[in-house]
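S.K.: The structure follows.
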Amino acid sequence: MSAVTRKNRDGRKRARLISGKAGSLLRIVFSLAITFFGLLLVTFLIGRVLPIDPVLAAVGDRAPQDVYDRVREEMGLNLPLWQQFFIYISNVVQGDFGQSVLTANPVIEDIKRVFPATLELATLATFIGVVLGIPAGVFAAINKGKWPDHVVRVIGLAGYSMPIFWLGLMGLLVFYMKLDWVAGPGRLDAFYIDFIEPTTGLMLIDTLIEGDMDLFWNAVSHIILPASILAYFSLAYIARMTRSFMLEQLSQEYILTARVKGISEHRIIWRHALGNVMVPLVTVIALSYANLLEGSVLTEIIFAWPGLGLYITNSLLNADMNAVLGGTVVVGAVFIGVNMLSDVLYRLLDPRARR
Amino acid sequence: MSNDPLLNVKNLKVTFNTPKGEVNAVRGVSFSLGRERLGIVGESGSGKSQTGRAILGLTAANGRITADELKFHDVDLANLTPKQWRKVRGARISMIMQDPKYSLNPVMTIGDQIIEAYREHHKVNAREARHRAIDMLEAVKIRDPERVFNSYPHEVSGGMGQRVMIAMMLIPEPELIIADEPTSALDVTVQLQVMAILDDLVRDRGMALIFISHDLHLVSSFCDRVLVMYQGHVVEELAASALHEAKHPYTKGLLNCLPKMDGDQSDLPILEREASWAEG
Amino acid sequence: MNTQTTISKPGLKQWLTSDTPRSRLQAKCGRAWLGWIKFTENKLAMIGLSIVIGLILVTIFAPLLAPYDPLAADLANRIQPPGADHWFGTDQLGRDILSRLIYGAQYTLLIVGLVAITAAPLGLLVGTAAGFFGGWVDATLMRITDIFLAFPKLILALAFVSALGPGLENAILAIAITAWPPYARIARAETITVRKSDFIEAARLQGTSNMGLIIGHIMPMCMSSLVVRVTLDMAGMILIAAGLGFLGLGAQPPMPEWGAMVSDGRQFLLEQWWVATVPGIAIFVVSLGFNLLGDGLRDVLDPRGGD
Amino acid sequence: MIEISKLNAWFDDHHVLKDVDISVPANGSFGLVGESGSGKSTVLRTITGLVDDWEGNILVNNKELGTTRDKAFYRLVQMVFQDPFGSLHPRHTIDRILTEPVNIHGLGNSDSRVVEALKQVGLDNSFRFRYPHQLSGGQRQRVAIARALILEPKVLLLDEPTSALDVSIQAEVLNLLSRLRRDLGLTYIMVSHDLAVVAHMCDDIAIMNHGRIVERATAGQLAEGSLEHPYSQQLYKAAGGYDRAVVDSFVDWD
Amino acid sequence: ETPKNALVMAFAIDDIITLDPAQIFEFSGAEYAGNTYDRLIGFDNDDVSKIHGVIAESWDVSEDGKTFTFKIRDGIKFASGNDLTAEDAAFSLQRVILLDQSPAFILGQFGFTPENVKDKIRAVDDSTLVMEVDKPYAPSFVLYCLTAGVGAVVDKEEVLAHEVDGDLGHEWLKTNYAGSGPFKLNKWTAGESLSLTANDDYWDGAPEMKRVIIRNVKEAAAQQLLLQKGDIDIARNLEADQLAAVKDDTNIKLLSKGKGALWYLGLSQKNEYLSNPKVREALKYLVDYKGISETILAGRSQIHQGFLPEGFLGAYNENPYSLDIEKAKSLLAEAGLADGFSITMDTRNTTSIMAMAQSIQATWAQAGINLEIIPGDGKQTLTKYRARQHDIYIGRWGPDYQDPHTNASTFAWNPDNSDDATAKPLAWRNAWDAGDLTAQTDAATLERDDAKRAAMYVDLQKKVLADGPFVIMFQETEIASMRGNVNNFVLGPSFDNNYYRFVTKD
Ligand SMILES: Nc1ncnc2c1ncn2[C@@H]1O[C@H](COP(=O)(O)OP(=O)(O)OP(=O)(O)O)[C@@H](O)[C@H]1O
Ligand SMILES: Nc1ncnc2c1ncn2[C@@H]1O[C@H](COP(=O)(O)OP(=O)(O)OP(=O)(O)O)[C@@H](O)[C@H]1O
Ligand SMILES: [Mg+2]
Ligand SMILES: [Mg+2]
């Protein structure tokens, strides 16, 4: 007969010691490293299983065989897989993502160029989505089952189910061609292209830095349509989630408490209920923002918007794997960054999660 | 105890529309209330809470209130606009909820929630309001009011939370407080301590109190008068001191079925319900 | 009260609504019946159901319903506007759009059906396992989920389609592979909220195995939020399929898949709007249907709601 | 039947149980009282294997318990939770809830066993195919008891089985539990914060405070109120209803 | 509205992967080089048989046909301000061979190797360039090859100033400029835009357009909107239906020019059905040439079945095949395939190709052939094609230079049909053993009499037409849609010859 004794109690203690502040930082770093490694590995493997010949992008279809063979060797494609991966990883660790075959530029340079375009678009779209989506969702929730609820729902759903290229082209036709409210495809009118030296890469900010208000308004009128169309998607999602979170909160006891205090309905909804709704909502918004930051290829094609989505897709279709890998890492980093940001916001908004 | 009635309730009915048909939660409750402590007891689902909520106009959206009379002083509570309600709620009639864990907004500090209750009804600046709030926290025997003022609800214990709740509901100095099982989520000893605070405050400020509970014993030792409810009806009304003289079999049954401390392990008497009770 | 009125009508209905079912079968049927009754009271859900049933019927009876051969090209008759001969006009190869729409219903059904039965269960399994076991299982599974989540979705889908070869089935598989991580997250969150609850511990005390707990006790708790999310995503799935089609990796021509029809038609959007718009509206209607149905299903799946 | 000695338990760094000793004879009934958070539930949960981090000796039916519990253990020991609203799976019918343990332990005959178990706790067949939310609190708690009984255990651990219930229903459930103990020869450990309930149900009582047993008493001693520890006395007084003077004499035990 | 002195164009330019003329081998890249670099010689866009000097004022061919001597024009300056000399020209040609990029073979086929090129191509003095080829090729063959992009002259001093690790400035020139053409590079942003500025000192007259801005717009519909709105001057990639739409717009006019590119089906001879000559012939009767050309490609192509595009020396412009299902059926019956068969076709997923493929699919169905279309992105289908894993490939082939040998050497030439061959012309990709045609093709390069040479090519084309594994269908026509006020935009037979320098705006 042996009593149960507390096993490895000291071990646990020690484990707990590591789980202090430095420990949790260490754990975060470790899990980030794993995630990135996974991303790289998956991308790399994709590059290998892709039935697209990466050499073709570099030499074209009509190159003679000897050029083809030489370039293939230059690209390191004749090495064993693990060796290629190892070389790639060790370069990445040194901050070198290599060169893109398609643009003849270092991948890093390319990303510095295309990511701000996407960032600008996604940020504005998310902004519009949040500014319109939350009130729409609240409005639907407080009118649950009545016609405003249905209207919000159907409009949201329509945004969800129309292909973006349809919306994009129709938007161009109506607002650009017919009504002349907005400018056409591109980030600036074509003959302005050379007028602006990218500082941040964000056209709205660069034009302001330049101090040229004409350019700024030109940039605004270019971005507003694609941003609105992207926003439609996040709006639909945000409104819907807001609605359901709101309904949940409105049935909570503390709402009753607020009513007992004689507080106006307005304050109850926008301060009390929404304050709580924002807690889960930041995660939703962050996720939809992160998704937009991947870049929407279709929007980018239609609006001639040189963004990340198009860059990665195009690179993938040409098996320009350095570019794809670089892009994936950026998207992954953005994703993780946005998630961390949402965690921070979550903590900020929800005192229960602090400490 | 002055005898001019604060609240007059005649034939109050609360009916809910549900997918399964109508639910009559309260079926004709009448009573009048002066500046006294009135207890409402009854088993779960007997309509205690709904009676209390109807007085504050807080019946859920699918519910309907009818009453021959529902008057607070000369205010007809049955026909108030939302705006008029806001003048009554908090300022003149208030309610203490059962569970502080769920009844306080988790993302607002306790201080903000108390101040909000006060400033809704008193035009004072922020500093003044803060002052009042801290005083009030002290009044409910919170030892470190400054700290609690800046805390969030999850950072205080249940007993503390309930004190905060009391402070919040009393700060606008209402004339009538409805306490819906204010202590049943708490430990026995804490429960009594919280009740003592409530007792003191109500007494000092000359408020009327409706105390809702399912614990007959507790209610009778705390209140002046007791209403016993069963299935939406008041089956008996008695003075607290006269509890042992209760006549209604339901009331007696409730009293009997409490286990005693005497260590007697024989079966407890069981309440045998009769259909006729539900007719009122 | 309700049952009182039905008792006067004996027979099947009484058997179904009996308060004291005599067998599990009877109880099951009765429950299904009650669920159905509850469902039918939800008008929006009924509209959704009719749309989905309509889609299924169209799929089954396509050959009877379609006025033309959906594949018959007729270059002389291309891009005709809607009219008496072709209700929804013709496309760039002179094929009747209505007929293509009718024959295309099956692919839409296939896409949403297959993704729903692959991605949702996969996400559910991963999420519940991670949430339930916690510790390193959770860490591992969630890292994998993160990797897939952090991966650009279209790239993943594209890569899969490219690797497996183009075609609808592979496109569907690719979509499923990009679709599961959010489901895993939802399921995990839900699992974490319930795994410490009394009813799970109670079940454990009955000697239920971990697998039993996950499948029998945890998964049902995740179902309603998952169903809603999946039905909400259905439109997105049709659209991703369309997007893959736009990039040429979706359905194989001349398959009249709706997304591919929209993307083919975009070229004529400015002048001949109907070519892309008609299938676009079809996608909208169907996703509306699934959405309404999903909301209704959630109410039925969650026996607590409503009463 | 149950011998517990030197039981300690931790949640992370938090030392929740400190040298708890309990001994319950077969067919005995042992009561644990104490304020919220004093560790009452943890004692029961440690016995049933729901607590990972503990040390000490636990003997059930003369068998020493290790860190894991096997199926056979659960046929011997069952537990009823405090909250009848949380301990039944909201998506399972009563029938399924009761059938599952029967199937897991391969007892067979689930149909008749379920009916029998329901009858034991005084529920008729009309409840069998309902969902928990379609039952009242008392009925739910009966179902929870039925679930515990369906495996025909010898020991029943009761974690505040009536604290969520109305007094009238509490009486019914308490009577039911007494009857079952008599009829089936069960052994109970019952946790409650209500002295009267424990006094009514149990032969021996322990009063817990901050993870320690501060006092032991028999039902008789409790009835007389002859308790020594000041905390016990306070509990005893509190059970007498609201009395302003008594409340003022309370001290905080934080 | 665009400024008067700037030309704004929407053009799918994302195929540009380099700006180094020694490497450029893509359509839009060629157009860039054509407008920014001068070559030694050029040809008349309307009559390619007329070859004229550009940087070379004149040239001589030696008796034995192996030595070419060019006299370099005086007074040409590079954008850098350096004088252009024969040394620059020699360096440029040597550089092509030394760098050995994709288009290097255009020069390399004349016997230049990295080892000998410095001897064989050399500047005798500042104004004389000598080039020695290894065989007595037809002079037109050699000259046409020099009109291609590899003949562009780069600024030796400037390029070498940016040399890294002996790369002859290649890395730098990929994204920079060192030429003497009518326009110079302002900025290239890959996948986004290309902007050029006028060379005001251009020896042959400064362009009127001071800036040329080309924006990458992939979506044809978007190009249409931009054009109709007047935000651009020229839209380059409108498809059939957009062209139909803008035709009615009075503000817009169209300019078209037959290009060298051919649309064809490659029939893999590894396939048991396709290796049957009767089947090949049947398939040639099973394309709705007229329907596709008039509807799907409306205006952007003409029916053309010989492997040399119209305008090339020796082009055979008869089109013997037309849609004839009965004939095809009887041919299939003769082949013992009266019940048809199933086969796949790898198809790029662009709108036109897809539509063509679907039309073909529908036509073949009428003859009992079940065609499965396997869509894929360009590089993907191409990878498969190059690996000889297709049944049928629907493709577009553009000549590399203006000499007939460019197409003959791919459609009618296959020295080694084994899987590991070193030369992989289209004939090889379709596993077609061209037999005697290989030798005949080689012989044609050495025929110095143009008329005889032309006859040889006509003969080759007829043979390929009759028996080859190619269903050549159309010759491409390029259409530029432009605002009414844009004049003198020039489209040439290849992208090298699309010129901006003459453009004026009203
Ligand atoms: N929104 C609602 N819809 C339908 N029925 C309701 C609603 N709210 C309350 N009820 C019903 O009204 C009846 C009275 O409820 P009430 O809350 O007043 O009971 P109670 O006496 O306070 O019980 P407890 O002691 O459990 O709090 C119950 O049967 C309840 O089911
Ligand atoms: N899962 C857990 N994780 C961390 N701490 C816990 C956990 N469960 C219980 N505790 C802590 O252990 C202590 C004892 O808890 P326990 O539930 O045993 O108390 P109790 O006496 O049953 O109280 P109550 O009367 O409220 O049920 C408490 O301080 C509690 O906060
Ligand atoms: Mg209540
Ligand atoms: Mg407990």
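The way I read the labels, and the way they are meant: chains A, B, ... in the order of the structure tokens, residue 1 as the first residue of every chain, and ligand 1 as the first ligand shown, with later ones counted on from there.
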Find the nearest atom pair between each residue of chain C and ligand 2 for residues within 12 Å, count only C-alpha atoms and all ligand atoms, give distances in Å to one decimal, sort rows by chain and ascending number, and present the table as a tab-separated table.
M.R.:
```
residue	atom	partner	partner_atom_place_in_ligand_line	distance
C:Arg195	CA	ligand 2	1 (N)	11.4
C:Lys196	CA	ligand 2	1 (N)	8.1
C:Ser197	CA	ligand 2	1 (N)	10.4
C:Asp198	CA	ligand 2	1 (N)	11.6
C:Glu201	CA	ligand 2	1 (N)	11.8
```
S.K.: Excluding Phe502 in chain E and its own-chain neighbours fewer than 5 positions away, which residues fall within 12 Å of it when counting only C-alpha atoms? Please give them as a list in words.
M.R.: Leu7, Asn35, Pro182, Phe183, Ala198, Asp204, Gly205, Ala206, Pro207, Glu208, Met209, Lys210, Val486, Asn487, Asn488, Phe489, Val490 and Leu491 of chain E
S.K.: Filtering to all heavy atoms, could you give me those residues as a short mmCIF file (atom, residue, chain, number, x, y, z; two decimals), in the first residue's frame?
M.R.:
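File written: out.cif
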```
data_model
loop_
_atom_site.label_atom_id
_atom_site.label_comp_id
_atom_site.auth_asym_id
_atom_site.auth_seq_id
_atom_site.Cartn_x
_atom_site.Cartn_y
_atom_site.Cartn_z
N LEU E 7 1.83 60.47 -73.85
CA LEU E 7 1.04 59.36 -74.37
C LEU E 7 0.80 58.39 -73.21
O LEU E 7 1.75 57.93 -72.59
CB LEU E 7 1.81 58.66 -75.50
CG LEU E 7 1.10 57.48 -76.15
CD1 LEU E 7 -0.12 57.95 -76.92
CD2 LEU E 7 2.05 56.74 -77.08
N ASN E 35 11.57 50.74 -78.73
CA ASN E 35 11.40 52.18 -78.64
C ASN E 35 12.53 52.90 -77.93
O ASN E 35 12.57 54.12 -77.92
CB ASN E 35 10.08 52.50 -77.94
CG ASN E 35 8.90 52.31 -78.87
OD1 ASN E 35 8.68 53.10 -79.77
ND2 ASN E 35 8.17 51.22 -78.66
N PRO E 182 14.87 56.67 -79.42
CA PRO E 182 14.05 57.89 -79.36
C PRO E 182 13.47 58.14 -77.96
O PRO E 182 13.09 59.27 -77.65
CB PRO E 182 12.94 57.63 -80.37
CG PRO E 182 12.96 56.17 -80.65
CD PRO E 182 14.34 55.69 -80.38
N PHE E 183 13.35 57.10 -77.16
CA PHE E 183 12.88 57.29 -75.80
C PHE E 183 13.89 56.69 -74.84
O PHE E 183 14.64 55.78 -75.19
CB PHE E 183 11.53 56.58 -75.58
CG PHE E 183 10.40 57.27 -76.29
CD1 PHE E 183 10.01 56.85 -77.56
CD2 PHE E 183 9.74 58.34 -75.70
CE1 PHE E 183 8.97 57.48 -78.23
CE2 PHE E 183 8.69 58.97 -76.36
CZ PHE E 183 8.31 58.54 -77.62
N ALA E 198 11.08 61.30 -73.64
CA ALA E 198 11.61 61.49 -74.99
C ALA E 198 13.10 61.80 -74.94
O ALA E 198 13.59 62.42 -74.01
CB ALA E 198 10.87 62.62 -75.68
N ASP E 204 17.39 60.93 -85.24
CA ASP E 204 16.45 60.85 -86.36
C ASP E 204 15.21 61.70 -86.07
O ASP E 204 14.14 61.45 -86.58
CB ASP E 204 16.06 59.39 -86.59
CG ASP E 204 15.50 59.18 -88.00
OD1 ASP E 204 15.72 60.06 -88.85
OD2 ASP E 204 14.84 58.16 -88.22
N GLY E 205 15.36 62.65 -85.21
CA GLY E 205 14.23 63.55 -84.90
C GLY E 205 13.60 63.22 -83.58
O GLY E 205 13.24 62.07 -83.32
N ALA E 206 13.47 64.26 -82.74
CA ALA E 206 12.90 64.03 -81.40
C ALA E 206 11.42 63.72 -81.50
O ALA E 206 10.72 64.29 -82.33
CB ALA E 206 13.13 65.27 -80.54
N PRO E 207 10.94 62.80 -80.67
CA PRO E 207 9.50 62.47 -80.66
C PRO E 207 8.70 63.66 -80.15
O PRO E 207 9.20 64.48 -79.38
CB PRO E 207 9.40 61.31 -79.68
CG PRO E 207 10.78 60.87 -79.40
CD PRO E 207 11.69 62.00 -79.70
N GLU E 208 7.47 63.74 -80.58
CA GLU E 208 6.63 64.82 -80.11
C GLU E 208 6.12 64.54 -78.71
O GLU E 208 5.90 65.45 -77.92
CB GLU E 208 5.46 65.00 -81.08
CG GLU E 208 4.83 66.36 -80.96
CD GLU E 208 4.05 66.69 -82.23
OE1 GLU E 208 4.66 66.80 -83.32
OE2 GLU E 208 2.83 66.80 -82.12
N MET E 209 5.90 63.28 -78.40
CA MET E 209 5.45 62.93 -77.05
C MET E 209 6.63 62.99 -76.10
O MET E 209 7.62 62.28 -76.29
CB MET E 209 4.87 61.50 -77.03
CG MET E 209 3.59 61.34 -77.84
SD MET E 209 2.23 62.32 -77.19
CE MET E 209 2.00 63.48 -78.49
N LYS E 210 6.52 63.87 -75.11
CA LYS E 210 7.65 64.00 -74.20
C LYS E 210 7.66 62.88 -73.15
O LYS E 210 8.69 62.57 -72.58
CB LYS E 210 7.62 65.37 -73.51
CG LYS E 210 7.83 66.52 -74.49
CD LYS E 210 9.13 66.34 -75.28
CE LYS E 210 9.14 67.19 -76.55
NZ LYS E 210 10.00 66.66 -77.61
N VAL E 486 -5.38 60.80 -81.29
CA VAL E 486 -4.03 60.23 -81.34
C VAL E 486 -3.72 59.82 -82.77
O VAL E 486 -4.49 59.08 -83.38
CB VAL E 486 -3.93 59.02 -80.40
CG1 VAL E 486 -2.54 58.41 -80.48
CG2 VAL E 486 -4.28 59.41 -78.99
N ASN E 487 -2.61 60.30 -83.30
CA ASN E 487 -2.25 59.96 -84.68
C ASN E 487 -0.88 59.30 -84.73
O ASN E 487 -0.05 59.50 -83.85
CB ASN E 487 -2.18 61.24 -85.53
CG ASN E 487 -3.47 62.01 -85.48
OD1 ASN E 487 -4.55 61.43 -85.61
ND2 ASN E 487 -3.36 63.30 -85.23
N ASN E 488 -0.70 58.55 -85.82
CA ASN E 488 0.62 58.03 -86.16
C ASN E 488 1.22 57.06 -85.15
O ASN E 488 2.42 56.96 -85.03
CB ASN E 488 1.62 59.17 -86.40
CG ASN E 488 1.16 60.09 -87.49
OD1 ASN E 488 0.51 59.63 -88.44
ND2 ASN E 488 1.43 61.37 -87.36
N PHE E 489 0.38 56.41 -84.41
CA PHE E 489 0.88 55.31 -83.60
C PHE E 489 1.18 54.19 -84.58
O PHE E 489 0.38 53.93 -85.48
CB PHE E 489 -0.19 54.89 -82.59
CG PHE E 489 0.25 53.80 -81.66
CD1 PHE E 489 1.13 54.08 -80.62
CD2 PHE E 489 -0.22 52.51 -81.81
CE1 PHE E 489 1.53 53.07 -79.76
CE2 PHE E 489 0.19 51.50 -80.95
CZ PHE E 489 1.07 51.78 -79.92
N VAL E 490 2.34 53.55 -84.43
CA VAL E 490 2.74 52.58 -85.43
C VAL E 490 2.74 51.17 -84.86
O VAL E 490 3.36 50.91 -83.83
CB VAL E 490 4.15 52.90 -85.97
CG1 VAL E 490 4.62 51.81 -86.93
CG2 VAL E 490 4.17 54.26 -86.63
N LEU E 491 2.02 50.29 -85.54
CA LEU E 491 2.11 48.87 -85.19
C LEU E 491 2.88 48.17 -86.29
O LEU E 491 2.62 48.40 -87.47
CB LEU E 491 0.71 48.26 -85.10
CG LEU E 491 -0.17 48.69 -83.92
CD1 LEU E 491 -1.52 48.01 -84.01
CD2 LEU E 491 0.51 48.37 -82.60
#
```
S.K.: Residues at most 9 Å from ligand 4, using only C-alpha atoms and all ligand atoms? Could they come as a list in words?
M.R.: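 Residues satisfying the distance criterion: Ser36, Gly37, Ser38, Gly39, Lys40, Ser41, Thr42, Phe81, Gln82, Asp159, Glu160, Val191, Ser192 and His193 of chain D.
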S.K.: Keeping C-alpha atoms, export the residues of the selection given above as a compact mmCIF listing (two decimals), in the first residue's frame.
M.R.:
```txt
# COMPACT_ATOMS: atom_id res chain seq x y z
CA SER D 36 -17.54 28.92 -0.07
CA GLY D 37 -14.10 28.09 -1.35
CA SER D 38 -13.06 26.17 1.73
CA GLY D 39 -12.33 23.09 -0.34
CA LYS D 40 -15.40 20.95 0.18
CA SER D 41 -15.95 20.18 -3.45
CA THR D 42 -12.27 19.56 -3.95
CA PHE D 81 -23.19 17.71 -8.66
CA GLN D 82 -24.40 20.87 -7.05
CA ASP D 159 -21.88 17.99 -3.76
CA GLU D 160 -24.50 20.40 -2.43
CA VAL D 191 -21.19 18.56 1.06
CA SER D 192 -23.31 21.54 1.96
CA HIS D 193 -23.06 25.01 3.30
```
S.K.: Could I get the residues of chain B with an atom no further than 10 Å from an atom of ligand 1, each paired with its nearest atom pair and that distance in Å to one decimal, using only C-alpha atoms and all ligand atoms, sorted by chain and residue number, as JSON lines?
M.R.:
```
{"residue": "B:Val14", "atom": "CA", "partner": "ligand 1", "partner_atom_place_in_ligand_line": "12 (O)", "distance": 8.1}
{"residue": "B:Thr15", "atom": "CA", "partner": "ligand 1", "partner_atom_place_in_ligand_line": "5 (N)", "distance": 7.8}
{"residue": "B:Phe16", "atom": "CA", "partner": "ligand 1", "partner_atom_place_in_ligand_line": "4 (C)", "distance": 4.8}
{"residue": "B:Asn17", "atom": "CA", "partner": "ligand 1", "partner_atom_place_in_ligand_line": "4 (C)", "distance": 6.5}
{"residue": "B:Thr18", "atom": "CA", "partner": "ligand 1", "partner_atom_place_in_ligand_line": "4 (C)", "distance": 5.8}
{"residue": "B:Pro19", "atom": "CA", "partner": "ligand 1", "partner_atom_place_in_ligand_line": "4 (C)", "distance": 9.2}
{"residue": "B:Lys20", "atom": "CA", "partner": "ligand 1", "partner_atom_place_in_ligand_line": "4 (C)", "distance": 9.5}
{"residue": "B:Gly21", "atom": "CA", "partner": "ligand 1", "partner_atom_place_in_ligand_line": "4 (C)", "distance": 9.4}
{"residue": "B:Glu22", "atom": "CA", "partner": "ligand 1", "partner_atom_place_in_ligand_line": "4 (C)", "distance": 8.0}
{"residue": "B:Val23", "atom": "CA", "partner": "ligand 1", "partner_atom_place_in_ligand_line": "5 (N)", "distance": 5.8}
{"residue": "B:Asn24", "atom": "CA", "partner": "ligand 1", "partner_atom_place_in_ligand_line": "12 (O)", "distance": 6.8}
{"residue": "B:Ala25", "atom": "CA", "partner": "ligand 1", "partner_atom_place_in_ligand_line": "12 (O)", "distance": 4.0}
{"residue": "B:Val26", "atom": "CA", "partner": "ligand 1", "partner_atom_place_in_ligand_line": "14 (C)", "distance": 6.8}
{"residue": "B:Ile40", "atom": "CA", "partner": "ligand 1", "partner_atom_place_in_ligand_line": "21 (O)", "distance": 9.0}
{"residue": "B:Val41", "atom": "CA", "partner": "ligand 1", "partner_atom_place_in_ligand_line": "21 (O)", "distance": 7.8}
{"residue": "B:Gly42", "atom": "CA", "partner": "ligand 1", "partner_atom_place_in_ligand_line": "21 (O)", "distance": 6.3}
{"residue": "B:Glu43", "atom": "CA", "partner": "ligand 1", "partner_atom_place_in_ligand_line": "25 (O)", "distance": 5.8}
{"residue": "B:Ser44", "atom": "CA", "partner": "ligand 1", "partner_atom_place_in_ligand_line": "25 (O)", "distance": 3.5}
{"residue": "B:Gly45", "atom": "CA", "partner": "ligand 1", "partner_atom_place_in_ligand_line": "19 (O)", "distance": 3.4}
{"residue": "B:Ser46", "atom": "CA", "partner": "ligand 1", "partner_atom_place_in_ligand_line": "21 (O)", "distance": 4.0}
{"residue": "B:Gly47", "atom": "CA", "partner": "ligand 1", "partner_atom_place_in_ligand_line": "18 (O)", "distance": 3.1}
{"residue": "B:Lys48", "atom": "CA", "partner": "ligand 1", "partner_atom_place_in_ligand_line": "21 (O)", "distance": 3.7}
{"residue": "B:Ser49", "atom": "CA", "partner": "ligand 1", "partner_atom_place_in_ligand_line": "22 (O)", "distance": 3.6}
{"residue": "B:Gln50", "atom": "CA", "partner": "ligand 1", "partner_atom_place_in_ligand_line": "18 (O)", "distance": 3.7}
{"residue": "B:Thr51", "atom": "CA", "partner": "ligand 1", "partner_atom_place_in_ligand_line": "18 (O)", "distance": 6.3}
{"residue": "B:Gly52", "atom": "CA", "partner": "ligand 1", "partner_atom_place_in_ligand_line": "18 (O)", "distance": 7.9}
{"residue": "B:Arg53", "atom": "CA", "partner": "ligand 1", "partner_atom_place_in_ligand_line": "18 (O)", "distance": 8.2}
{"residue": "B:Ala54", "atom": "CA", "partner": "ligand 1", "partner_atom_place_in_ligand_line": "18 (O)", "distance": 9.5}
{"residue": "B:Thr59", "atom": "CA", "partner": "ligand 1", "partner_atom_place_in_ligand_line": "1 (N)", "distance": 7.4}
{"residue": "B:Ala60", "atom": "CA", "partner": "ligand 1", "partner_atom_place_in_ligand_line": "1 (N)", "distance": 5.0}
{"residue": "B:Ala61", "atom": "CA", "partner": "ligand 1", "partner_atom_place_in_ligand_line": "1 (N)", "distance": 7.2}
{"residue": "B:Asn62", "atom": "CA", "partner": "ligand 1", "partner_atom_place_in_ligand_line": "1 (N)", "distance": 6.1}
{"residue": "B:Gly63", "atom": "CA", "partner": "ligand 1", "partner_atom_place_in_ligand_line": "1 (N)", "distance": 6.4}
{"residue": "B:Gln98", "atom": "CA", "partner": "ligand 1", "partner_atom_place_in_ligand_line": "27 (O)", "distance": 8.9}
{"residue": "B:Asp180", "atom": "CA", "partner": "ligand 1", "partner_atom_place_in_ligand_line": "22 (O)", "distance": 7.8}
{"residue": "B:Glu181", "atom": "CA", "partner": "ligand 1", "partner_atom_place_in_ligand_line": "27 (O)", "distance": 7.7}
{"residue": "B:Ile212", "atom": "CA", "partner": "ligand 1", "partner_atom_place_in_ligand_line": "22 (O)", "distance": 7.9}
{"residue": "B:Ser213", "atom": "CA", "partner": "ligand 1", "partner_atom_place_in_ligand_line": "25 (O)", "distance": 7.0}
{"residue": "B:His214", "atom": "CA", "partner": "ligand 1", "partner_atom_place_in_ligand_line": "25 (O)", "distance": 6.1}
{"residue": "B:Asp215", "atom": "CA", "partner": "ligand 1", "partner_atom_place_in_ligand_line": "25 (O)", "distance": 9.7}
{"residue": "B:Met229", "atom": "CA", "partner": "ligand 1", "partner_atom_place_in_ligand_line": "21 (O)", "distance": 7.9}
{"residue": "B:Tyr230", "atom": "CA", "partner": "ligand 1", "partner_atom_place_in_ligand_line": "21 (O)", "distance": 8.3}
{"residue": "B:Gln231", "atom": "CA", "partner": "ligand 1", "partner_atom_place_in_ligand_line": "14 (C)", "distance": 7.7}
{"residue": "B:Gly232", "atom": "CA", "partner": "ligand 1", "partner_atom_place_in_ligand_line": "14 (C)", "distance": 7.1}
```
